[in-house]
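protein_11.cif follows; it contains mmCIF, C-alpha atoms.
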data_start
loop_
_atom_site.label_atom_id
_atom_site.label_comp_id
_atom_site.auth_asym_id
_atom_site.auth_seq_id
_atom_site.Cartn_x
_atom_site.Cartn_y
_atom_site.Cartn_z
CA ARG K 1 0.00 0.00 0.00
CA GLY K 2 1.15 3.47 -0.86
CA ALA K 3 4.21 2.42 -2.88
CA PHE K 4 2.64 3.54 -6.16
CA ASP K 5 -0.07 6.00 -6.98
CA VAL K 6 -0.51 5.30 -10.74
CA LEU K 7 -1.42 2.00 -12.37
CA VAL K 8 -0.81 1.48 -16.09
CA MET K 9 -3.09 -1.24 -17.44
CA GLN K 10 -3.30 -3.02 -20.78
CA THR K 11 -5.36 -6.15 -20.94
CA GLY K 12 -8.04 -7.85 -22.96
CA TYR K 13 -6.60 -8.91 -26.31
CA ASN K 14 -7.59 -12.49 -25.56
CA ASP K 15 -10.69 -11.69 -23.50
CA GLN K 16 -14.25 -12.42 -24.51
CA LEU K 17 -16.63 -9.55 -25.07
CA GLY K 18 -19.33 -10.50 -22.58
CA ARG K 19 -17.30 -10.10 -19.38
CA TYR K 20 -14.87 -7.37 -20.39
CA GLU K 21 -16.60 -4.45 -18.67
CA ALA K 22 -17.21 -6.36 -15.44
CA ASP K 23 -13.60 -7.56 -15.42
CA ALA K 24 -12.27 -4.06 -16.12
CA ARG K 25 -14.35 -2.62 -13.30
CA GLN K 26 -13.09 -5.36 -10.98
CA ILE K 27 -9.51 -4.35 -11.84
CA LEU K 28 -10.35 -0.71 -11.10
CA ALA K 29 -11.88 -1.62 -7.74
CA ALA K 30 -8.84 -3.71 -6.78
CA ALA K 31 -6.47 -0.90 -7.81
CA ARG K 32 -8.38 1.64 -5.76
CA ALA K 33 -8.50 -0.71 -2.78
CA ALA K 34 -4.70 -0.96 -3.03
CA GLY K 35 -4.39 2.82 -2.81
CA ILE K 36 -3.91 3.60 -6.51
CA ARG K 37 -5.10 7.12 -7.22
CA ARG K 38 -4.78 7.25 -11.03
CA ILE K 39 -5.30 4.53 -13.63
CA VAL K 40 -3.87 4.92 -17.13
CA TRP K 41 -5.49 2.32 -19.39
CA ILE K 42 -4.18 1.52 -22.86
CA ALA K 43 -6.82 0.91 -25.54
CA HIS K 44 -6.35 -1.95 -27.98
CA ALA K 45 -4.06 -1.17 -30.89
CA ARG K 46 -6.41 -2.66 -33.45
CA GLU K 47 -10.10 -2.01 -33.41
CA PHE K 48 -10.90 -4.45 -36.19
CA ARG K 49 -9.30 -7.79 -36.95
CA THR K 50 -9.10 -9.06 -40.47
CA GLU K 51 -7.77 -12.53 -39.70
CA ARG K 52 -9.72 -15.53 -38.45
CA GLY K 53 -12.32 -15.14 -35.75
CA GLY K 54 -15.61 -15.48 -37.52
CA ARG K 55 -18.22 -12.80 -38.06
CA ALA K 56 -18.08 -11.50 -34.49
CA GLY K 57 -14.28 -11.65 -34.20
CA PRO K 58 -13.49 -8.27 -35.73
CA GLN K 59 -15.88 -6.51 -33.39
CA VAL K 60 -14.25 -7.61 -30.13
CA TYR K 61 -11.45 -5.02 -29.95
CA PHE K 62 -13.78 -2.24 -31.06
CA GLU K 63 -16.28 -3.16 -28.34
CA HIS K 64 -13.53 -3.46 -25.72
CA ASN K 65 -12.32 0.03 -26.63
CA GLN K 66 -15.89 1.34 -26.41
CA VAL K 67 -16.08 -0.08 -22.87
CA LEU K 68 -12.80 1.62 -21.98
CA ARG K 69 -14.00 4.93 -23.43
CA ARG K 70 -17.19 4.72 -21.34
CA ILE K 71 -15.20 3.95 -18.21
CA ALA K 72 -12.75 6.81 -18.85
CA ALA K 73 -15.64 9.21 -19.44
CA ASP K 74 -17.36 8.13 -16.20
CA GLU K 75 -14.36 7.76 -13.88
CA VAL K 76 -12.31 10.87 -13.07
CA ASP K 77 -9.30 8.80 -12.01
CA VAL K 78 -9.04 6.91 -15.33
CA THR K 79 -7.06 8.21 -18.31
CA LEU K 80 -7.36 6.32 -21.60
CA ILE K 81 -4.45 6.06 -23.99
CA GLU K 82 -5.94 5.87 -27.48
CA TRP K 83 -3.10 3.63 -28.65
CA ASN K 84 -5.13 2.56 -31.69
CA ARG K 85 -5.27 6.16 -32.92
CA LEU K 86 -1.51 6.56 -32.59
CA VAL K 87 -0.67 3.23 -34.22
CA ARG K 88 -2.89 4.03 -37.21
CA GLN K 89 -0.70 7.10 -37.78
CA ARG K 90 2.53 5.08 -37.38
CA PRO K 91 1.91 1.59 -38.83
CA ALA K 92 5.65 0.81 -38.74
CA TRP K 93 5.37 0.59 -34.95
CA THR K 94 3.64 -2.80 -35.19
CA ASP K 95 3.72 -6.02 -37.13
CA PRO K 96 1.16 -6.30 -39.96
CA ASP K 97 -1.36 -7.60 -37.42
CA GLY K 98 -1.40 -4.10 -35.92
CA ILE K 99 -0.89 -5.47 -32.42
CA HIS K 100 2.55 -6.96 -31.87
CA LEU K 101 5.21 -4.32 -31.45
CA ARG K 102 8.25 -3.82 -33.61
CA ARG K 103 11.34 -2.18 -32.15
CA PRO K 104 10.14 1.41 -32.76
CA GLY K 105 6.73 0.46 -31.37
CA GLY K 106 8.26 -0.68 -28.08
CA PHE K 107 9.98 2.67 -27.68
CA ALA K 108 6.81 4.46 -28.80
CA LEU K 109 4.56 2.66 -26.32
CA ALA K 110 6.98 3.33 -23.47
CA ASP K 111 7.14 7.00 -24.50
CA VAL K 112 3.34 7.29 -24.72
CA ILE K 113 2.93 5.61 -21.33
CA SER K 114 5.39 8.01 -19.69
CA ARG K 115 3.70 11.02 -21.30
CA SER K 116 0.25 9.72 -20.31
CA VAL K 117 1.30 9.25 -16.69
CA ALA K 118 2.73 12.78 -16.70
CA HIS K 119 -0.51 14.07 -18.23
CA ALA K 120 -2.71 12.19 -15.75
CA THR K 121 -0.72 13.57 -12.82
CA ALA K 122 -0.36 17.12 -14.22
CA ARG K 123 3.42 16.88 -14.45
CA PRO K 124 5.79 18.06 -17.19
CA CYS K 125 6.44 15.67 -20.06
CA PRO K 126 9.51 13.48 -19.43
CA LEU K 127 10.98 14.47 -22.82
CA PRO K 128 10.31 17.15 -25.42
CA GLU K 129 8.24 16.27 -28.46
CA ALA K 130 11.21 17.02 -30.73
CA PRO K 131 14.97 17.22 -30.22
CA GLY K 132 16.07 20.62 -28.97
CA ALA K 133 12.62 21.63 -27.76
CA ALA K 134 11.64 22.00 -24.13
CA PRO K 135 9.38 19.41 -22.50
CA LEU K 136 5.80 20.66 -22.32
CA ALA K 137 4.42 21.47 -18.90
CA PRO K 138 1.95 20.28 -17.97
CA CYS K 139 2.22 17.34 -20.33
CA PRO K 140 -0.67 17.23 -22.82
CA ASP K 141 -2.56 14.03 -23.54
CA PRO K 142 -0.41 12.21 -26.14
CA SER K 143 -3.53 10.48 -27.49
CA THR K 144 -4.75 13.81 -28.84
CA ARG K 145 -1.49 14.86 -30.51
CA THR K 146 0.53 13.81 -33.51
CA PRO K 147 2.79 10.93 -32.46
CA VAL K 148 6.33 12.02 -31.66
CA ALA K 149 9.15 10.99 -33.99
CA ILE K 150 10.50 8.14 -31.89
CA ASP K 151 13.58 7.70 -34.07
CA GLN K 152 14.57 11.32 -33.38
CA LEU K 153 14.14 11.08 -29.60
CA TYR K 154 15.63 7.65 -28.90
CA ASP K 155 18.58 5.58 -30.01
CA LEU K 156 16.88 2.82 -31.95
CA SER K 157 20.16 1.24 -32.94
CA ARG K 158 20.76 -2.34 -32.09
CA SER K 159 23.23 -1.46 -29.34
CA ILE K 160 20.67 -2.55 -26.75
CA VAL K 161 19.43 -6.14 -26.85
CA PRO K 162 15.80 -6.33 -25.74
CA CYS K 163 15.06 -8.94 -23.09
CA SER K 164 11.88 -10.31 -21.57
CA ILE K 165 10.83 -12.93 -19.07
CA GLU K 166 8.97 -15.72 -20.82
CA GLY K 167 7.40 -19.10 -20.33
CA THR K 168 6.26 -21.05 -17.33
CA ARG K 169 9.81 -21.18 -15.97
CA ASN K 170 10.15 -17.36 -16.14
CA GLU K 171 13.29 -17.56 -18.23
CA THR K 172 15.03 -14.39 -19.36
CA VAL K 173 15.16 -14.37 -23.16
CA CYS K 174 17.16 -11.75 -25.07
CA ARG K 175 16.72 -11.43 -28.81
CA TRP K 176 16.31 -8.91 -31.60
CA ASP K 177 12.87 -8.37 -33.00
CA HIS K 178 12.40 -8.32 -36.77
CA GLY K 179 11.13 -4.72 -37.00
#
Before anything else, please render the file you have as C-alpha cells.
Amino acid sequence: RGAFDVLVMQTGYNDQLGRYEADARQILAAARAAGIRRIVWIAHAREFRTERGGRAGPQVYFEHNQVLRRIAADEVDVTLIEWNRLVRQRPAWTDPDGIHLRRPGGFALADVISRSVAHATARPCPLPEAPGAAPLAPCPDPSTRTPVAIDQLYDLSRSIVPCSIEGTRNETVCRWDHG
C-alpha cells in the first residue's frame, strides 16, 4: 500500500466480449482498494481484426475500446491512452497484425505511457516532443497529438538487446525483434 499512486493497465486482447466491462471494473476496484489514485489504461491497438475469428471476431477489440472509453468518461481517475489512434498514424510501430510491437513500437509505447502518466498527474512531459525543444508542462494528452518521432528522440540502434521474461519457468530471453 502506498508504494505507487498510478497503475498502467493493458489487458483484454484475448478476452471475450461478454465479461470485459465487469472484469475491467473489478480491476479498477482492486487498484483503488490498493491505494492507486490514477489509472492509465491503454486501448487496444487494433479495433478491427481481419484474420480468423468469424463474423463477431473483428468486433471484439472495437467493443472493448468502447467499454474503456465509457469507463474513462465516467471515472475521473481513469485516463485512456488511445493507442489505436496513434498506431494508425505510425503503422511501422507494429507487425502487420497491428498489435505486436516492432522495435520502434516498443519505444513508442513506453514513450506514450510516460507522457500519459505525466498528463494524468499534471506533471511536465519526461521528454520534449522534438529534439532541442523543451518538455511541455503540464504534459498534454499524447492520445490527442501527432505521435512524436520516436527515431529522433531515442537511439533505436541495435546497441541494446531487448530482453523479456517468458514461459512457465520465467526464463530471461534476449533477442532482436524483426522490425
## Note on the structure
Atom pair CA of Arg102 in chain K + CA of Arg123 in chain K, distance 28.6 Å
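Taking all atoms listed in the file into account, Pro140 in chain K lies nearest to K:Cys125 out of the set K:Ile71, K:Cys125, K:Ala31, K:Ile99.
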#### Entry: Residue nearest Arg70 in chain K among K:Ala130, K:Ala24, K:Ala137, K:Met9 (counting only C-alpha atoms)
K:Ala24
Padding of 8 Å on every side, edges along x, y and z, all listed atoms of range 122-136 of chain K included: what centre and edge lengths in Å, to one decimal, does that box have, as lines of an AutoDock Vina configuration file?
center_x = 7.9
center_y = 17.7
center_z = -22.5
size_x = 32.4
size_y = 24.5
size_z = 32.5
### Task
May I ask for the distance between CA of Ala33 in chain K and CA of Asp77 in chain K, given in Å to one decimal place?
13.3 Å
### Message
Need the shell around Asn84 in chain K: protein/DNA/RNA residues with any atom at most 6 Å away, counting only C-alpha atoms. Skip same-chain ones fewer than 4 positions apart. Format as a list in words?
### Response
His44, Ala45 and Arg46 of chain K
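Here CA of Val40 in chain K and CA of Val8 in chain K stand 4.7 Å from one another.
Taken over the shown file, the PyMOL selection byres ((chain K and resi 119) around 7) identifies Arg115, Ser116, Val117, Ala118, Ala120, Thr121, Ala122, Arg123, Pro138, Cys139, Pro140 and Asp141 of chain K.
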### Task
Check what the PyMOL selection byres ((chain K and resi 43) around 12) selects in the file above and give those residues as a PyMOL selection string.
chain K and resi 8-13+24+40-42+44-47+61-72+79-87+99+109+113+143
